[in-house]
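**Student:** Before anything else, here's the structure in question.
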Amino acid sequence: MEEKHEKFKKPYDFVATEPRIYEAWEQSGYFNPDNLPGDRTEAFSIIMPPPNANGRLHAGHGLDMTLKDIVIRFKRMQGKKALFLPGADHAGFETQVVYEKRLEKEGRSRFGMDPKQLYEEIYAFTLENKKSMEDDIKRLGTSCDWSREKFTLDPEIVTQVQQTFVKMHEDGLVYRGKRTVNWCSKHQTSLSDVETESVEETTPFYYLKYGPFTIGTVRPETKFGDKYVVMHPDDKRYTSYKQGDTFDLEWINGPITATVIKDEAVDMEFGTGVMTITPWHSQIDYEIAQRHGLDMEQIIDLRGKLLPIAGEFEGMKIAEARPKIVEKLKEKELVVRVDENYKNVVKRCYKCSTMIEPQVKDQWFVSMEPLTQLVIDAVERDELIGILPDYEKKILLHWMKNSIDWNISRQIVWGISIPAWFKGEEIRASIESPGEGWTQDPDTFDTWFSSGQWPLLTLGYPDSDDFKTYYPTDLMETGADLVFKWVPRMIIFGLYLAKQVPFKQVYFHGMVNDAQNKKMSKSKGNVVSPIDLTQTYGADALRMALVVGTPAGSNIPLSEDKIKGYKHFANKLWNITRFVLENTEGADANAPLNDADLALKAEVDALARELTENLEQYRIYLAAEKVYHYAWDRFAAVILEESKPILAGSDAAAKASRQALLLSLLTTTVKLLHPFMPFVTEEIYQSLPSKSVDFLMVESWPHA
RNA sequence: GCGCGGUUAGCUCAGUUGGUAGAGCGCGUCAUUGACGUUGACGAUGUCGGGGGUUCGAAUCCCUCACCGCGCACCA
């Protein structure tokens, strides 16, 4: 016994303890719900949002893992068949971008590389990162079932993703279409709307003389082929012009013939109420051209350079060409005036900020309307999940009602290949080649096409035992930045394939910022690594700092002072334990409690009830704060102090009662704290004189 | 343009269904070789953004104004 207490005489050594405890947990097998002790009938499942396997974990992942781990440990202790299923995402475009930067540093480029070789290189890179990412997850104390881990490129996952595509094709929910797509000319791929960001810029707005009209544009470089002039049919200023009228005018590179088109898409209030159209490089113009069966011509190539239609400007990049074109227009006296303060919203690639060039391309699209309708119907039937914070539900529904068809094909190698085959004009969707003469679509899926099916894929949809046991999952806890990218797609696929919303509760956490609540970014140099923090303060301290006082949705200022405070707290628990063990040597843990001690026992029971309620309602931040205050301000500061005279006194019955109480309170306290600070509480539990199970992790949650 | 959030102590933020203002860090005074290198006690600083309303009672509910921040958006 004496030896046992020795370790408590030194400060708590989390650096040595935490990895040792994690290993012991892993070896116990208890991360796997199949191995949990007792008769567990009720399942509780959480699917981990698979981190991108292209780097180390960042602070946001720290919060991500912590919140879910708190919940799963709580449920496990409550006697549930608790599954926390980990995974990793190949993260298509994101990883390809990371790898391309690396190639750039080495003076190489993906362009001109053999696609197979590029794929192999990125594959090796990803596997390496996946390993370190898993180590990071473990370092945080995440109690997930590694035996069930899934990777988005596991063969059975890939097959299922492709099967979904084939099924959707059969159901008419995906189609091959020539449409305007968001084209990034640096990365040479199309992007979905959520992969672009809209940035407001002040750009000169040019009013140009177009025959008898004045038209406006911020993009003179696209105007070479404009041969249709469009106005609203009700615009009284232009009643003398009829649909189909033609007239000649002098344009940038010489005389052209223009045709009048009347279309209600034109805003009479804007500018002169007259516009020319560039269908190949503008969504709205494309739609007008489609309605009227107009010609469309490409002006800018996929590299962002002007085509021969630009005449002397052929081959120039936009940025270079624009001022020269304006100069020429001025010389030809075609510039009426310039508004230098015009504010314009432009789309940029969310990874490289290159201006998105709308291009008309053949791509695969998901027809969203019938799918979002499934979700809206489910809401109306009141089947939709609870969402925290509440306002995110409104945001999600707004997205559902306004989403446009989803471009799912990417012109990159790093991803799941699209099971579509071409032979001349014929198109087929099937996993195997339809036969001689068919070539497979070289494109890959948008990474959200696979991760959107994640709850189904990880559980072995459609007919595995796990799927039957754990679907729908209980909690989807993820970052608020995924409210459009990921969550709605999982709901859609869940309803479409499994006819059930894939989770009962969504919890969105905010972003982890620096101590001043400013976004962490490499350029600001304020990025902190969660792994470094675990080395300095311990994973337990980091976990507490991340959750105390941070409700769903709110951003989290992460200061080292706060983490340090919880490092001190871990040590406080250590010393509480030392005091209790030293003063209960040989005591009877079941001695009868006197009235005063029964009252103190009742107090901790009441706390347990409160925590249970808070955790069940996912008010994790409140539960963490309450148990912290109990341990420090009540148990250590008051109860232990009051105990000193009793333990030193001559009233043997009072002493025995107090000793039993202290053992009981210590046990209850480490149980209540375990979901939040799993390591130090487990280490303490291992030194308690009487344990009912081999690990605190599988102890029963206090209930009174 | 449409939508959403915030405004509480020096700093960063909590405050669950309305019931005499809280945490962490920081600050001040005193104590302490202590179960605690990482301790304890006590304390200071707040007209809870402005104004109005509901209520016995509002940081909390409603209206309005101001200021910050965020998301979405095909007005050329």
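The chains in the structure tokens are called A, B, ... from first to last as shown; in each chain the residues are counted from 1, and the ligands are counted from 1 in the order shown.
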Can you check which residues of stretch 80-191 of chain A DSSP gives as alpha helix (DSSP H) on the backbone and send them as a ChimeraX atom specification?
**Tutor:** /A:92-105,115-139,155-170
**Student:** Just to be explicit: take each residue in the selection above, keep C-alpha atoms, and write the result as a PDB file, in the first residue's frame.
**Tutor:**
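Contents of the output file again27.pdb:
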ATOM      1  CA  GLY A  92     -10.040  14.485 -53.057  1.00  0.00           C
ATOM      2  CA  PHE A  93      -9.440  18.041 -54.157  1.00  0.00           C
ATOM      3  CA  GLU A  94      -8.088  19.207 -50.784  1.00  0.00           C
ATOM      4  CA  THR A  95      -5.394  16.564 -50.703  1.00  0.00           C
ATOM      5  CA  GLN A  96      -4.580  17.019 -54.357  1.00  0.00           C
ATOM      6  CA  VAL A  97      -4.016  20.722 -53.661  1.00  0.00           C
ATOM      7  CA  VAL A  98      -1.725  19.916 -50.724  1.00  0.00           C
ATOM      8  CA  TYR A  99       0.214  17.488 -52.860  1.00  0.00           C
ATOM      9  CA  GLU A 100       0.468  19.897 -55.766  1.00  0.00           C
ATOM     10  CA  LYS A 101       2.060  22.458 -53.468  1.00  0.00           C
ATOM     11  CA  ARG A 102       4.588  19.852 -52.511  1.00  0.00           C
ATOM     12  CA  LEU A 103       5.276  19.088 -56.170  1.00  0.00           C
ATOM     13  CA  GLU A 104       5.704  22.792 -56.774  1.00  0.00           C
ATOM     14  CA  LYS A 105       8.330  22.996 -54.056  1.00  0.00           C
ATOM     15  CA  PRO A 115      -2.012  10.070 -64.009  1.00  0.00           C
ATOM     16  CA  LYS A 116      -1.328   6.614 -62.629  1.00  0.00           C
ATOM     17  CA  GLN A 117       1.982   7.654 -61.188  1.00  0.00           C
ATOM     18  CA  LEU A 118       0.492  10.804 -59.720  1.00  0.00           C
ATOM     19  CA  TYR A 119      -2.234   8.735 -58.109  1.00  0.00           C
ATOM     20  CA  GLU A 120       0.302   6.312 -56.632  1.00  0.00           C
ATOM     21  CA  GLU A 121       2.361   9.162 -55.217  1.00  0.00           C
ATOM     22  CA  ILE A 122      -0.615  10.834 -53.606  1.00  0.00           C
ATOM     23  CA  TYR A 123      -1.761   7.473 -52.296  1.00  0.00           C
ATOM     24  CA  ALA A 124       1.548   6.906 -50.535  1.00  0.00           C
ATOM     25  CA  PHE A 125       1.519  10.462 -49.203  1.00  0.00           C
ATOM     26  CA  THR A 126      -1.994   9.995 -47.866  1.00  0.00           C
ATOM     27  CA  LEU A 127      -1.275   6.710 -46.137  1.00  0.00           C
ATOM     28  CA  GLU A 128       1.686   8.241 -44.382  1.00  0.00           C
ATOM     29  CA  ASN A 129      -0.424  11.151 -43.179  1.00  0.00           C
ATOM     30  CA  LYS A 130      -3.257   8.878 -42.215  1.00  0.00           C
ATOM     31  CA  LYS A 131      -0.944   7.098 -39.798  1.00  0.00           C
ATOM     32  CA  SER A 132       0.188  10.273 -38.061  1.00  0.00           C
ATOM     33  CA  MET A 133      -3.360  11.557 -37.961  1.00  0.00           C
ATOM     34  CA  GLU A 134      -4.411   8.376 -36.163  1.00  0.00           C
ATOM     35  CA  ASP A 135      -1.587   8.816 -33.665  1.00  0.00           C
ATOM     36  CA  ASP A 136      -2.844  12.333 -32.996  1.00  0.00           C
ATOM     37  CA  ILE A 137      -6.382  11.102 -32.423  1.00  0.00           C
ATOM     38  CA  LYS A 138      -5.079   8.589 -29.899  1.00  0.00           C
ATOM     39  CA  ARG A 139      -2.990  11.203 -28.146  1.00  0.00           C
ATOM     40  CA  PRO A 155     -12.324  -1.177 -51.779  1.00  0.00           C
ATOM     41  CA  GLU A 156     -15.765  -1.944 -50.361  1.00  0.00           C
ATOM     42  CA  ILE A 157     -16.383   1.772 -49.734  1.00  0.00           C
ATOM     43  CA  VAL A 158     -15.377   2.644 -53.292  1.00  0.00           C
ATOM     44  CA  THR A 159     -17.670  -0.012 -54.694  1.00  0.00           C
ATOM     45  CA  GLN A 160     -20.609   1.164 -52.641  1.00  0.00           C
ATOM     46  CA  VAL A 161     -20.036   4.798 -53.682  1.00  0.00           C
ATOM     47  CA  GLN A 162     -19.987   3.726 -57.313  1.00  0.00           C
ATOM     48  CA  GLN A 163     -23.103   1.653 -56.835  1.00  0.00           C
ATOM     49  CA  THR A 164     -24.880   4.685 -55.456  1.00  0.00           C
ATOM     50  CA  PHE A 165     -23.968   6.593 -58.588  1.00  0.00           C
ATOM     51  CA  VAL A 166     -25.268   3.822 -60.820  1.00  0.00           C
ATOM     52  CA  LYS A 167     -28.499   3.647 -58.839  1.00  0.00           C
ATOM     53  CA  MET A 168     -28.950   7.405 -59.030  1.00  0.00           C
ATOM     54  CA  HIS A 169     -28.356   7.247 -62.748  1.00  0.00           C
ATOM     55  CA  GLU A 170     -31.039   4.591 -63.088  1.00  0.00           C
TER      56      GLU A 170
END
**Student:** Give me, as JSON lines, the closest atom pair and its distance (Å, one decimal) for every residue of stretch 40-75 of chain B within a cut-off of 7 Å of stretch 6-11 of chain B, counting only C-alpha atoms (C1' of nucleotides), rows sorted by chain and rising number.
**Tutor:**
{"residue": "B:U45", "atom": "C1'", "partner": "B:A9", "partner_atom": "C1'", "distance": 6.1}
{"residue": "B:G46", "atom": "C1'", "partner": "B:A9", "partner_atom": "C1'", "distance": 5.5}
{"residue": "B:C48", "atom": "C1'", "partner": "B:U8", "partner_atom": "C1'", "distance": 4.0}
{"residue": "B:G49", "atom": "C1'", "partner": "B:U7", "partner_atom": "C1'", "distance": 5.5}
{"residue": "B:A59", "atom": "C1'", "partner": "B:U8", "partner_atom": "C1'", "distance": 6.8}
**Student:** With chain A as the partner and 10 Å as the cut-off, tabulate the residues of chain B that qualify, each row holding the nearest pair of atoms and their distance in Å to one decimal, using only C-alpha atoms (C1' of nucleotides), sorted by chain and rising number, as a Markdown table.
**Tutor:**
| residue | atom | partner | partner_atom | distance |
| --- | --- | --- | --- | --- |
| B:G3 | C1' | A:Ile395 | CA | 8.1 |
| B:C4 | C1' | A:Tyr391 | CA | 7.7 |
| B:G5 | C1' | A:Tyr391 | CA | 9.1 |
| B:C11 | C1' | A:Gln516 | CA | 8.3 |
| B:U12 | C1' | A:Pro557 | CA | 6.4 |
| B:C13 | C1' | A:Gly549 | CA | 7.4 |
| B:A14 | C1' | A:Gly549 | CA | 5.0 |
| B:G15 | C1' | A:Gly549 | CA | 9.7 |
| B:U16 | C1' | A:Arg619 | CA | 8.0 |
| B:A23 | C1' | A:Gly549 | CA | 7.8 |
| B:G24 | C1' | A:Lys562 | CA | 5.7 |
| B:C25 | C1' | A:Asp561 | CA | 5.9 |
| B:A35 | C1' | A:Phe579 | CA | 4.2 |
| B:C36 | C1' | A:Asn575 | CA | 5.7 |
| B:G37 | C1' | A:Pro11 | CA | 8.1 |
| B:U38 | C1' | A:His568 | CA | 4.9 |
| B:U39 | C1' | A:Lys572 | CA | 9.8 |
| B:G40 | C1' | A:Ala637 | CA | 8.1 |
| B:G71 | C1' | A:Ile395 | CA | 8.8 |
| B:C72 | C1' | A:Trp399 | CA | 8.6 |
| B:A73 | C1' | A:Ser198 | CA | 8.8 |
| B:C74 | C1' | A:Ile284 | CA | 4.9 |
| B:C75 | C1' | A:Asp267 | CA | 6.4 |
| B:A76 | C1' | A:Met275 | CA | 5.9 |
**Student:** Residues within 8 Å of stretch 319-328 of chain A, please, as a ChimeraX atom specification. Count only C-alpha atoms (C1' of nucleotides); anything in the same chain fewer than 6 positions from it doesn't count.
**Tutor:** /A:219-221,252,313,335
**Student:** Between atom CA of A:Arg634 and atom CA of A:Pro675, what distance in Å does the model show, to one decimal?
**Tutor:**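 It comes out at 19.9 Å.
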**Student:** Determine which residues of stretch 430-657 of chain A DSSP labels as strand (DSSP E) from the backbone of this structure, then write them out as a list in words.
**Tutor:** Thr439, Gln440, Thr444, Phe445, Thr473, Asp474, Leu475, Met476, Glu477, Thr478, Gly479, Phe503, Lys504, Gln505, Val506, Tyr507, Phe508, His509, Val512, Asn513, Ile556 and Pro557 of chain A
**Student:** Limited to C-alpha atoms, could you put the picked residues into a file as a PDB file, in the first residue's frame?
**Tutor:**
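Written out: out.pdb:
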ATOM      1  CA  THR A 439     -13.753   4.157 -72.447  1.00  0.00           C
ATOM      2  CA  GLN A 440     -14.190   5.143 -68.851  1.00  0.00           C
ATOM      3  CA  THR A 444     -13.317  11.491 -60.240  1.00  0.00           C
ATOM      4  CA  PHE A 445     -16.069  12.236 -57.742  1.00  0.00           C
ATOM      5  CA  THR A 473     -26.637   6.952 -35.480  1.00  0.00           C
ATOM      6  CA  ASP A 474     -27.324   8.943 -32.356  1.00  0.00           C
ATOM      7  CA  LEU A 475     -25.109  11.976 -32.736  1.00  0.00           C
ATOM      8  CA  MET A 476     -23.438  13.809 -35.576  1.00  0.00           C
ATOM      9  CA  GLU A 477     -21.052  16.248 -34.001  1.00  0.00           C
ATOM     10  CA  THR A 478     -19.106  18.386 -36.430  1.00  0.00           C
ATOM     11  CA  GLY A 479     -17.884  21.865 -37.237  1.00  0.00           C
ATOM     12  CA  PHE A 503     -28.583  10.682 -37.161  1.00  0.00           C
ATOM     13  CA  LYS A 504     -30.923  11.689 -34.375  1.00  0.00           C
ATOM     14  CA  GLN A 505     -29.053  14.755 -33.257  1.00  0.00           C
ATOM     15  CA  VAL A 506     -26.694  17.182 -34.936  1.00  0.00           C
ATOM     16  CA  TYR A 507     -24.368  19.260 -32.816  1.00  0.00           C
ATOM     17  CA  PHE A 508     -22.352  21.957 -34.516  1.00  0.00           C
ATOM     18  CA  HIS A 509     -19.300  23.254 -32.706  1.00  0.00           C
ATOM     19  CA  VAL A 512     -11.261  27.121 -32.359  1.00  0.00           C
ATOM     20  CA  ASN A 513      -9.525  30.492 -32.471  1.00  0.00           C
ATOM     21  CA  ILE A 556     -13.699  29.206 -28.873  1.00  0.00           C
ATOM     22  CA  PRO A 557     -10.813  31.407 -27.847  1.00  0.00           C
TER      23      PRO A 557
END
**Student:** Hey, which of A:Thr222, A:Ser240, A:Thr272, A:Gln188 ends up closest to A:Arg410? Count only C-alpha atoms.
**Tutor:**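 Checking each of A:Thr222, A:Ser240, A:Thr272, A:Gln188 against A:Arg410, counting only C-alpha atoms, the winner is A:Gln188.
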**Student:** Hey, can you check how far atom CA of A:Lys209 sits from atom CA of A:Lys242?
**Tutor:**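 About the pair atom CA of A:Lys209 and atom CA of A:Lys242: they are 19.6 Å apart.
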**Student:** Could you please determine the separation between atom CA of A:Val174 and atom CA of A:Phe365 in Å, to one decimal place?
**Tutor:**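 Atom CA of A:Phe365 lies at a distance of 5.5 Å from atom CA of A:Val174.
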